[in-house]
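work_16.txt follows (compact mmCIF, C-alpha atoms):
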# COMPACT_ATOMS: atom_id res chain seq x y z
CA ASP X 27 109.12 -175.60 122.90
CA ALA X 28 109.01 -174.95 119.19
CA GLY X 29 112.27 -174.88 117.35
CA VAL X 30 113.37 -172.42 114.72
CA THR X 31 110.70 -171.91 112.10
CA GLN X 32 111.18 -170.63 108.57
CA SER X 33 108.77 -169.69 105.85
CA PRO X 34 108.08 -170.46 103.14
CA THR X 35 109.39 -174.02 102.83
CA HIS X 36 109.86 -173.84 99.09
CA LEU X 37 109.81 -170.95 96.68
CA ILE X 38 110.20 -170.60 92.92
CA LYS X 39 111.09 -167.19 91.50
CA THR X 40 112.14 -165.78 88.16
CA ARG X 41 115.43 -164.00 87.47
CA GLY X 42 115.25 -160.34 88.37
CA GLN X 43 112.50 -160.76 90.94
CA HIS X 44 112.72 -160.02 94.64
CA VAL X 45 112.24 -162.49 97.49
CA THR X 46 111.64 -162.23 101.25
CA LEU X 47 112.41 -165.14 103.54
CA ARG X 48 111.26 -165.24 107.15
CA CYS X 49 112.63 -166.79 110.33
CA SER X 50 111.31 -167.07 113.87
CA PRO X 51 113.93 -168.01 116.45
CA ILE X 52 113.49 -170.29 119.42
CA SER X 53 111.56 -168.53 122.16
CA GLY X 54 113.94 -166.43 124.24
CA HIS X 55 116.72 -166.44 121.67
CA LYS X 56 117.91 -162.98 120.72
CA SER X 57 120.19 -163.75 117.79
CA VAL X 58 119.48 -164.88 114.26
CA SER X 59 122.02 -165.79 111.61
CA TRP X 60 121.40 -166.47 107.93
CA TYR X 61 123.30 -168.95 105.78
CA GLN X 62 123.14 -169.93 102.13
CA GLN X 63 123.79 -173.56 101.21
CA VAL X 64 124.27 -174.38 97.57
CA LEU X 65 123.83 -178.04 96.64
CA GLY X 66 126.94 -180.05 97.47
CA GLN X 67 128.55 -177.31 99.55
CA GLY X 68 128.59 -176.34 103.19
CA PRO X 69 126.51 -173.41 104.45
CA GLN X 70 127.95 -169.97 103.81
CA PHE X 71 127.43 -167.16 106.32
CA ILE X 72 125.35 -164.20 105.12
CA PHE X 73 124.35 -162.14 108.21
CA GLN X 74 124.08 -162.25 111.95
CA TYR X 75 121.72 -160.08 114.00
CA TYR X 76 121.73 -159.77 117.76
CA GLU X 77 119.28 -157.61 119.67
CA LYS X 78 118.14 -156.10 116.35
CA GLU X 79 121.63 -154.90 115.45
CA GLU X 80 123.71 -156.32 112.61
CA ARG X 81 126.68 -158.05 114.18
CA GLY X 82 128.31 -159.57 111.14
CA ARG X 83 128.06 -159.74 107.40
CA GLY X 84 129.49 -162.31 105.03
CA ASN X 85 130.87 -161.85 101.55
CA PHE X 86 127.57 -161.35 99.73
CA PRO X 87 126.54 -158.54 97.35
CA ASP X 88 124.36 -155.64 98.43
CA ARG X 89 121.40 -157.37 96.80
CA PHE X 90 121.19 -159.30 100.05
CA SER X 91 119.81 -157.48 103.07
CA ALA X 92 118.24 -158.47 106.35
CA ARG X 93 116.67 -157.08 109.45
CA GLN X 94 115.55 -158.23 112.87
CA PHE X 95 112.30 -157.16 114.46
CA PRO X 96 111.52 -156.30 118.11
CA ASN X 97 110.18 -159.84 118.64
CA TYR X 98 113.56 -161.14 117.36
CA SER X 99 112.13 -162.66 114.19
CA SER X 100 114.06 -161.83 111.04
CA GLU X 101 113.67 -161.33 107.33
CA LEU X 102 116.21 -161.93 104.59
CA ASN X 103 115.62 -160.00 101.39
CA VAL X 104 117.26 -160.71 98.06
CA ASN X 105 116.79 -158.31 95.14
CA ALA X 106 117.40 -158.83 91.43
CA LEU X 107 117.55 -162.60 91.74
CA LEU X 108 120.14 -164.51 89.75
CA LEU X 109 120.15 -168.18 88.82
CA GLY X 110 123.08 -168.60 91.20
CA ASP X 111 120.91 -167.56 94.13
CA SER X 112 119.16 -170.93 93.95
CA ALA X 113 119.99 -172.57 97.25
CA LEU X 114 118.77 -173.67 100.64
CA TYR X 115 118.58 -170.65 102.94
CA LEU X 116 119.10 -171.55 106.56
CA CYS X 117 118.32 -169.52 109.63
CA ALA X 118 120.13 -170.26 112.89
CA SER X 119 118.94 -169.08 116.28
CA SER X 120 121.03 -168.60 119.41
CA LEU X 121 120.42 -167.21 122.87
CA THR X 122 123.45 -164.91 123.15
CA GLY X 123 124.78 -164.76 119.62
CA THR X 124 127.84 -166.91 120.19
CA ALA X 125 128.76 -169.81 117.96
CA TYR X 126 128.35 -172.40 120.68
CA GLU X 127 124.64 -172.88 120.64
CA GLN X 128 123.28 -172.18 117.20
CA TYR X 129 120.22 -174.18 116.21
CA PHE X 130 119.24 -174.34 112.57
CA GLY X 131 115.75 -174.12 111.17
CA PRO X 132 114.51 -176.42 108.40
CA GLY X 133 115.45 -173.94 105.70
CA THR X 134 113.77 -172.38 102.70
CA ARG X 135 114.53 -173.96 99.34
CA LEU X 136 114.71 -171.17 96.75
CA THR X 137 114.74 -172.00 93.05
CA VAL X 138 115.40 -169.21 90.56
CA THR X 139 114.42 -169.95 86.96
CA GLN Z 7 143.34 -171.99 100.04
CA LYS Z 8 139.88 -172.66 101.42
CA GLU Z 9 139.26 -171.52 104.99
CA VAL Z 10 137.97 -174.95 106.03
CA GLU Z 11 138.80 -178.05 104.05
CA GLN Z 12 137.28 -181.49 104.23
CA ASN Z 13 137.59 -184.53 102.04
CA SER Z 14 134.21 -184.70 100.30
CA GLY Z 15 134.28 -188.50 100.25
CA PRO Z 16 132.20 -190.51 100.08
CA LEU Z 17 133.64 -192.39 103.02
CA SER Z 18 132.22 -195.88 103.29
CA VAL Z 19 132.61 -197.98 106.44
CA PRO Z 20 131.00 -201.25 107.55
CA GLU Z 21 128.54 -201.28 110.42
CA GLY Z 22 130.34 -201.46 113.77
CA ALA Z 23 133.57 -199.93 112.48
CA ILE Z 24 135.17 -196.61 113.45
CA ALA Z 25 134.58 -193.77 111.00
CA SER Z 26 137.26 -191.09 110.94
CA LEU Z 27 136.45 -187.66 109.51
CA ASN Z 28 139.08 -184.98 109.07
CA CYS Z 29 139.16 -181.23 108.67
CA THR Z 30 141.86 -178.58 108.34
CA TYR Z 31 141.47 -174.83 108.73
CA SER Z 32 143.53 -171.85 107.67
CA ASP Z 33 142.80 -169.15 110.27
CA ARG Z 34 145.14 -169.62 113.23
CA GLY Z 35 142.99 -167.21 115.23
CA SER Z 36 140.02 -169.55 115.18
CA GLN Z 37 138.98 -170.37 118.70
CA SER Z 38 136.26 -172.98 118.54
CA PHE Z 39 135.43 -175.84 116.25
CA PHE Z 40 132.21 -177.64 115.52
CA TRP Z 41 130.93 -180.82 113.95
CA TYR Z 42 127.46 -180.85 112.43
CA ARG Z 43 125.56 -183.73 110.87
CA GLN Z 44 123.22 -183.12 107.95
CA TYR Z 45 120.87 -185.74 106.62
CA SER Z 46 119.82 -185.42 103.00
CA GLY Z 47 117.18 -182.72 102.62
CA LYS Z 48 117.46 -181.64 106.26
CA SER Z 49 119.20 -178.85 108.12
CA PRO Z 50 122.49 -179.25 110.00
CA GLU Z 51 122.34 -180.43 113.60
CA LEU Z 52 125.14 -179.92 116.09
CA ILE Z 53 127.01 -183.05 117.20
CA MET Z 54 129.64 -181.42 119.39
CA PHE Z 55 132.14 -178.60 119.68
CA ILE Z 56 135.71 -178.40 120.95
CA TYR Z 57 137.96 -175.48 121.82
CA SER Z 58 140.90 -176.99 123.71
CA ASN Z 59 143.68 -179.09 122.25
CA GLY Z 60 143.17 -182.78 122.79
CA ASP Z 61 140.17 -185.06 122.76
CA LYS Z 62 136.57 -184.53 123.76
CA GLU Z 63 134.22 -187.50 124.00
CA ASP Z 64 130.42 -187.57 123.85
CA GLY Z 65 128.92 -191.03 123.62
CA ARG Z 66 130.09 -192.71 120.42
CA PHE Z 67 131.63 -189.47 119.16
CA THR Z 68 135.13 -188.15 119.86
CA ALA Z 69 136.38 -184.82 118.57
CA GLN Z 70 140.11 -184.21 118.39
CA LEU Z 71 141.78 -180.81 118.04
CA ASN Z 72 145.38 -179.96 117.23
CA LYS Z 73 145.75 -176.18 116.94
CA ALA Z 74 149.44 -176.35 116.05
CA SER Z 75 148.59 -178.46 113.01
CA GLN Z 76 145.30 -176.62 112.40
CA TYR Z 77 143.53 -179.95 112.33
CA VAL Z 78 140.23 -181.19 113.71
CA SER Z 79 138.82 -184.67 113.46
CA LEU Z 80 135.70 -186.58 114.43
CA LEU Z 81 135.70 -190.27 115.27
CA ILE Z 82 132.46 -192.22 115.29
CA ARG Z 83 132.74 -195.53 117.11
CA ASP Z 84 130.45 -198.48 116.44
CA SER Z 85 129.13 -196.83 113.30
CA GLN Z 86 125.48 -197.50 112.48
CA PRO Z 87 123.59 -197.21 109.18
CA SER Z 88 121.68 -194.32 110.81
CA ASP Z 89 125.00 -192.42 110.97
CA SER Z 90 124.98 -192.21 107.16
CA ALA Z 91 124.88 -188.47 106.47
CA THR Z 92 127.04 -185.52 105.47
CA TYR Z 93 129.34 -184.35 108.26
CA LEU Z 94 130.18 -180.67 108.28
CA CYS Z 95 133.20 -179.21 110.03
CA ALA Z 96 132.85 -175.55 111.06
CA VAL Z 97 135.12 -173.03 112.72
CA ASN Z 98 134.33 -169.82 114.54
CA PRO Z 99 136.83 -167.30 113.17
CA ARG Z 100 137.80 -163.91 114.51
CA ASP Z 101 137.14 -160.83 112.40
CA ALA Z 102 139.78 -158.28 111.42
CA GLY Z 103 139.38 -156.56 114.78
CA GLY Z 104 139.96 -159.77 116.68
CA THR Z 105 136.33 -160.14 117.73
CA SER Z 106 134.67 -163.50 117.68
CA TYR Z 107 130.93 -163.44 117.23
CA GLY Z 108 128.53 -166.07 115.99
CA LYS Z 109 129.81 -166.57 112.47
CA LEU Z 110 130.51 -170.16 111.47
CA THR Z 111 132.70 -170.97 108.49
CA PHE Z 112 131.87 -174.42 107.14
CA GLY Z 113 133.77 -176.91 105.07
CA GLN Z 114 132.08 -178.56 102.12
CA GLY Z 115 131.22 -181.65 104.16
CA THR Z 116 132.16 -185.32 104.02
CA ILE Z 117 129.55 -187.84 102.93
CA LEU Z 118 129.62 -190.88 105.20
CA THR Z 119 127.95 -194.14 104.26
CA VAL Z 120 127.71 -196.96 106.81
CA HIS Z 121 126.78 -200.24 105.14
CA PRO Z 122 125.29 -203.23 106.98
Would you put the structure from the file into structure tokens?
Amino acid sequence: DAGVTQSPTHLIKTRGQHVTLRCSPISGHKSVSWYQQVLGQGPQFIFQYYEKEERGRGNFPDRFSARQFPNYSSELNVNALLLGDSALYLCASSLTGTAYEQYFGPGTRLTVT
Amino acid sequence: QKEVEQNSGPLSVPEGAIASLNCTYSDRGSQSFFWYRQYSGKSPELIMFIYSNGDKEDGRFTAQLNKASQYVSLLIRDSQPSDSATYLCAVNPRDAGGTSYGKLTFGQGTILTVHP
């Protein structure tokens, strides 16, 4: 079975622009979580969605938003990009939305110039 | 105080030795604890989790949990050069309402280098 997939792999944007990152969970998994990992730091929780409902939100500004589609794939949107948004954005998939069995995708490397 | 603290290292051990990685956490309500390994340029992969006080062994890896001291550790026996990576400690906290969902709070990671 395919693992978690994310697109695009790499992305370069300019300050003030908008970006959309995409994630497809493992087949059968109903929950997707998004994390931001700045170089040299651990991942930081942004959102969790389970069965298309937002289950949790981390300490991120309203410029960050997400949604989950009926096929359980998910999008993370970031508006008005700042230099500090440059990071690896990770998507984690789980069957039931608990912390015990989260599998991370390869990530999207976002560079804001 | 950071929610999850790890010594960033680097921790350098010779091949065949035991590597000991430590982590402390601030939220006493945390229920489960995780160790992830992350190779450079890759995403984190789960090594093991623990939720009861004491030790839990899986192959060359042993996780230890002491809730009273708010301390989690990971021991890697017979360390190999392929174990060289960043090791991330994560906890699953409860929100203000006492609900635990899928959020993981990570430490900054400890860089481990195993030299031949």
How big is the axis-aligned box, and where does its centre sit, when it encloses all atoms of range 113-126 of chain X listed in the file and has 3 Å added on every side, reported in Å to one decimal as JSON?
{"center_x": 123.5, "center_y": -169.2, "center_z": 110.2, "size_x": 16.4, "size_y": 14.9, "size_z": 31.9}
*For chain X, work out the contacting residues on chain Z at 10 Å, counting all atoms listed in the file, and write them as an NGL selection string.*
:Z and (10 or 14 or 38-40 or 44 or 47-52 or 54-56 or 92-99 or 101 or 106-117)
| request: Identify, on the basis of only C-alpha atoms, every residue whose closest approach to Thr134 in chain X does not exceed 8 Å; exclude the query and any residue fewer than 6 positions from it along the same chain; express the result as a VMD selection string. | output: chain X and resid 32 to 37 47 114 to 116
Exercise for the section: Just the residues within 10 Å of range 73-85 of chain Z, please, counting only C-alpha atoms, with nothing from its chain fewer than 5 positions along; format it as a ChimeraX atom specification. Expected result: /Z:10-12,19-37,39-41,53-54,56-68,90,93,95-97,119-122
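As for CA of Thr40 in chain X and CA of Asp111 in chain X, they are spaced 10.8 Å apart.
Going from CA of Ala69 in chain Z to CA of Lys8 in chain Z covers 21.3 Å.
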Inset, instruction - Please indicate the distance in Å from CA of Leu118 in chain Z to CA of Glu9 in chain Z, rounded to one decimal place. - result: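 If I compute the distance from CA of Leu118 in chain Z to CA of Glu9 in chain Z, I get 21.6 Å.
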Residue with the minimum atom-to-atom distance to Gly29 in chain X, picked from X:Ser50, X:Thr139, X:Asn85, X:Gln94 with only C-alpha atoms counted, is X:Ser50
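Distance check against Cys49 in chain X using all atoms listed in the file: of X:Pro87, X:Val104, X:Ser99, X:Gln62, the minimum falls on X:Ser99.
Proximity to Asn103 in chain X was assessed for X:Ser53, X:Ser91, X:Thr31, X:Thr137 counting all atoms listed in the file; the smallest distance is recorded for X:Ser91.
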